[in-house]
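In what follows, a single structure is set out as structure tokens and then discussed.
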Amino acid sequence: MDLLSGLALGIETAVTPETLLFCLIGVTIGMFIGVLPGIGPMAAVAMTLPVTYHLEPISGLIMLAGIFYGAQYGGSTASILLNLPGTSTTAVTAIDGYPMAKQGRAGVALFITTITSFFGGCFAIVLLMSFAPALGKMALNFSSAEYFSIMLLGLIAAATMSLGSPLKGLASVTAGLLLAMVGMDPTSGQIRYTFGILELQDGLNLVAMAMGLFGVAEILKNAGRPERKAKNLQKVRLRELMPTRKDLSECWKPTLRGAGIGSFIGILPGAGPTLAAFLAYAVEKRVARDPSRFGNGAIEGISAPEAANNASTQAAFIPTLALGIPGDAAMAVLLGAMMIHGITPRPEFFTNNADLFWGLVVSFWIGNLMLLVLNIPLIGVWVRILTIPQKILFPAIIFFICVGVYSVNNNTFDVMTVIVFGIVGYLMSMYRYPPAPLLMGFILGPMLEQHFRRALLFSRGDMWTFVERPISAAFLACSLALLLLLMFPALRALWRRRALKLGRLWPL
Amino acid sequence: MRRQTNWPEVVAALSFALVGAIAIWMARDYPLGTITRMGPGFVPVALGVILILISLAIAWQCRALPREEASFSPRAFLFIMSGIFLWAMLVERAGFVAATVVLVIACAAVERKSTVRSTAFLAAGLCLGGYLIFLRGLNIPLAAFGG
């Protein structure tokens, strides 16, 4: 299917009153969640997942995707105005955005981040449209060996490229893979690790796990603490939004570079928007004529990372849709959602579900446009969200988590699962084990096992099958290279220094 | 002078090893199979071994790191967890409204700024909103009152 007829099909699918409505709902929830510190897009996607069971698959997907990229827009608002990144992907934006706000240029910063976010998003959507179907076609020749190797690469990337200790990331991923073993083994029908509990025969509930690890754990971290908010919250007036000509000419090149970096990182399986934003920031600092301006309100310091994180969230759809391999943990949850809707993203997706693919792509354009329109004129509203007190916010979120999880299977066992994973997530973050790789391992686990077993069945037990097939060998070589990179102390030190700057935020 | 062992970190790392060990131990009931035809026990055992190795490496790496003051709030932990637990216990027996009220009270009790008024309003709002969205809108089979 060529681009034009694809777009036509997409417009036909995505421009109906129903899909437009759910696109709007999705991006609005995304904005909202993005602005709120302490609750990320992952928890939001998990929380709204049950609602989508009652929708058409396309509406459900459009809404979930909207939450995901909408949160990137919202996150920057909290970063700039309060130095409190709403999501960890926008933590970099705070480095230069907050100083800008203190200089009275908050309006300009918000305007620039919105525009560059929009540009980064659009840049990656173009890539998605042209690149994903081609990748899908290539992947038609993939056998189990290739799938195993690329999933391994994705998992290792997710574990090691998160900030903090790569070994802890690996432990987290492996634990996730083990958790995926719970339930019935599809090949032999053997029931594994259920401890005799009937509800566990279908495996652990993804929604319950995600909500425990990200929703409850996050609230446990913040509840009962003094509220970190809004002493020096400034009013932003509409006419302060317009950047000067000098601002614009300073930021278009960084935006372009950021979009490029973000798209590249997004396509890599396992590397998420946080990494993209960091990398873009580092590159800008390197190429700048006067690096000392960074950290004091340099406009390149907000435009490049913002373009990068939005480009990467959109580009992450490329491996997710073409190969069924999520670009990062939030994508993994989205992938889980698609599977629940009976859609398994794989190379055939582009031909068999052409309407879904193109509908989704067109909805990205529409959603990004909506965010542009929502963000700027309504900045006052978003700022007010930051003033919702914890005494209202936290009980409400916990309530929605409970009902949401219950409604998936209508059983209370899943709600108990939330408690367990809330504790696990809280302990993990206390000792700085990133929870996102755990979730990726959990979602990819069953597929990884099946492809591993099938590949060895086809090769009659010959382990070399993974190396003899060139594409598979390339993926394995990349995985190995990643692991080897960690051995170099210089690189590791660099990584640690960056991690320190970020504080305790995980790349979600 | 030798630095003190960072026990919390080591214990955290070793708890991953424990998970791996349990996985291997439980897999004794699952056939391993051969490399060509793997049984259901093969992959879990392999993962268990890998997890144990990684966690030993972490324990070694972290053994001498300076200890950090972990900020743990037992009050928040206890109240929120028991709130969720009670919601799950009550919702099918005492009904949606009762369970939600208990949950909101437990969670609001964590915040020092909560007042009786704000909590009551919040509970009423969530009961009504939740009833309309979930019980009416999405047809979740729960009774508003009673089991």
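The chains in the structure tokens are called A, B, ... from first to last as shown; in each chain the residues are counted from 1, and the ligands are counted from 1 in the order shown.
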Q: Write out as an NGL selection string every residue belonging to chain B that has an atom at most 7 Å from any atom of chain A, counting only C-alpha atoms.
A: :B and (9 or 35-38 or 40 or 43-44 or 47 or 51 or 54-55 or 58 or 70 or 76-77 or 81 or 84-85 or 88 or 104 or 107-108 or 110-114 or 122 or 140)
Q | Members of segment 175-304 of chain A assigned strand (DSSP E) by DSSP, as an NGL selection string | A | :A and (183-184 or 191-192)
Q: Pick out each residue of segment 39-279 of chain A that DSSP on the backbone tags as helix (DSSP H, G or I); I need them as a ChimeraX atom specification.
A: /A:41-52,57-82,88-102,106-139,144-160,166-179,198-202,206-222,238-240,245-267,273-279
Q.
List the spatial neighbours of Ser79 of chain A as a list in words - criterion: any atom at most 7 Å away, only C-alpha atoms, same-chain residues fewer than 3 positions off excluded.
A. Gly75, Ser76, Leu82, Asn83, Leu84, Pro85, Gly86, Thr90, Ala91, Thr93, Ala94, Gly97 and Tyr98 of chain A
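Near Leu86 of chain B, within a cut-off of 9 Å and counting only C-alpha atoms, sit the residues Met81, Val91, Ala99, Val102 and Leu103 of chain B, with same-chain residues fewer than 5 positions away left out.
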File dump, residues just selected, N, CA and C atoms, as an mmCIF file, in the first residue's frame:
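Below is the file selection00.cif, written as the result:
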```cif
data_model
loop_
_atom_site.group_PDB
_atom_site.id
_atom_site.type_symbol
_atom_site.label_atom_id
_atom_site.label_comp_id
_atom_site.auth_asym_id
_atom_site.auth_seq_id
_atom_site.Cartn_x
_atom_site.Cartn_y
_atom_site.Cartn_z
ATOM 1 N N MET B 81 -1.745 0.681 52.168
ATOM 2 C CA MET B 81 -1.856 -0.736 51.872
ATOM 3 C C MET B 81 -3.092 -1.345 52.512
ATOM 4 N N VAL B 91 -15.462 -5.018 48.958
ATOM 5 C CA VAL B 91 -16.247 -4.547 47.821
ATOM 6 C C VAL B 91 -17.294 -5.564 47.365
ATOM 7 N N ALA B 99 -16.966 0.094 50.698
ATOM 8 C CA ALA B 99 -15.551 -0.169 50.452
ATOM 9 C C ALA B 99 -14.824 1.113 50.085
ATOM 10 N N VAL B 102 -14.280 3.481 53.081
ATOM 11 C CA VAL B 102 -13.176 3.007 53.926
ATOM 12 C C VAL B 102 -11.828 3.323 53.271
ATOM 13 N N LEU B 103 -11.743 3.075 51.965
ATOM 14 C CA LEU B 103 -10.494 3.329 51.241
ATOM 15 C C LEU B 103 -10.095 4.799 51.323
#
```
Q.
Can you measure atom CA of Val49 of chain B to atom CA of Ile22 of chain B for me? One decimal in Å is fine.
A.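 That distance, rounded to one decimal, is 10.6 Å.
In terms of minimum interatomic distance to Pro437 of chain A, A:Ala157 ranks closest within A:Leu371, A:Ala157, A:Val283, A:Met151, counting only C-alpha atoms.
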(Q) Can you tell me which residues surround Ala259 of chain A at a distance of at most 8 Å, considering only C-alpha atoms, apart from same-chain residues fewer than 6 positions away, and format the answer as a list in words? (A) Phe119, Gly120, Gly121, Phe123, Ala124, Ala304, Ala307, Ala308, Asn310, Ala311 and Ser312 of chain A
Q.
Measuring between only C-alpha atoms, which one of A:Cys122, A:Pro99, A:Ala8, A:Thr52 shows the shortest distance to Leu369 of chain A?
A.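 The answer is A:Cys122, which sits nearest to Leu369 of chain A.
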Q. From the list A:Thr113, A:Thr320, A:Asn141, A:Ser149, which residue is nearest Ile299 of chain A when using only C-alpha atoms?
A.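 Of the candidates, the smallest distance to Ile299 of chain A is held by A:Thr113.
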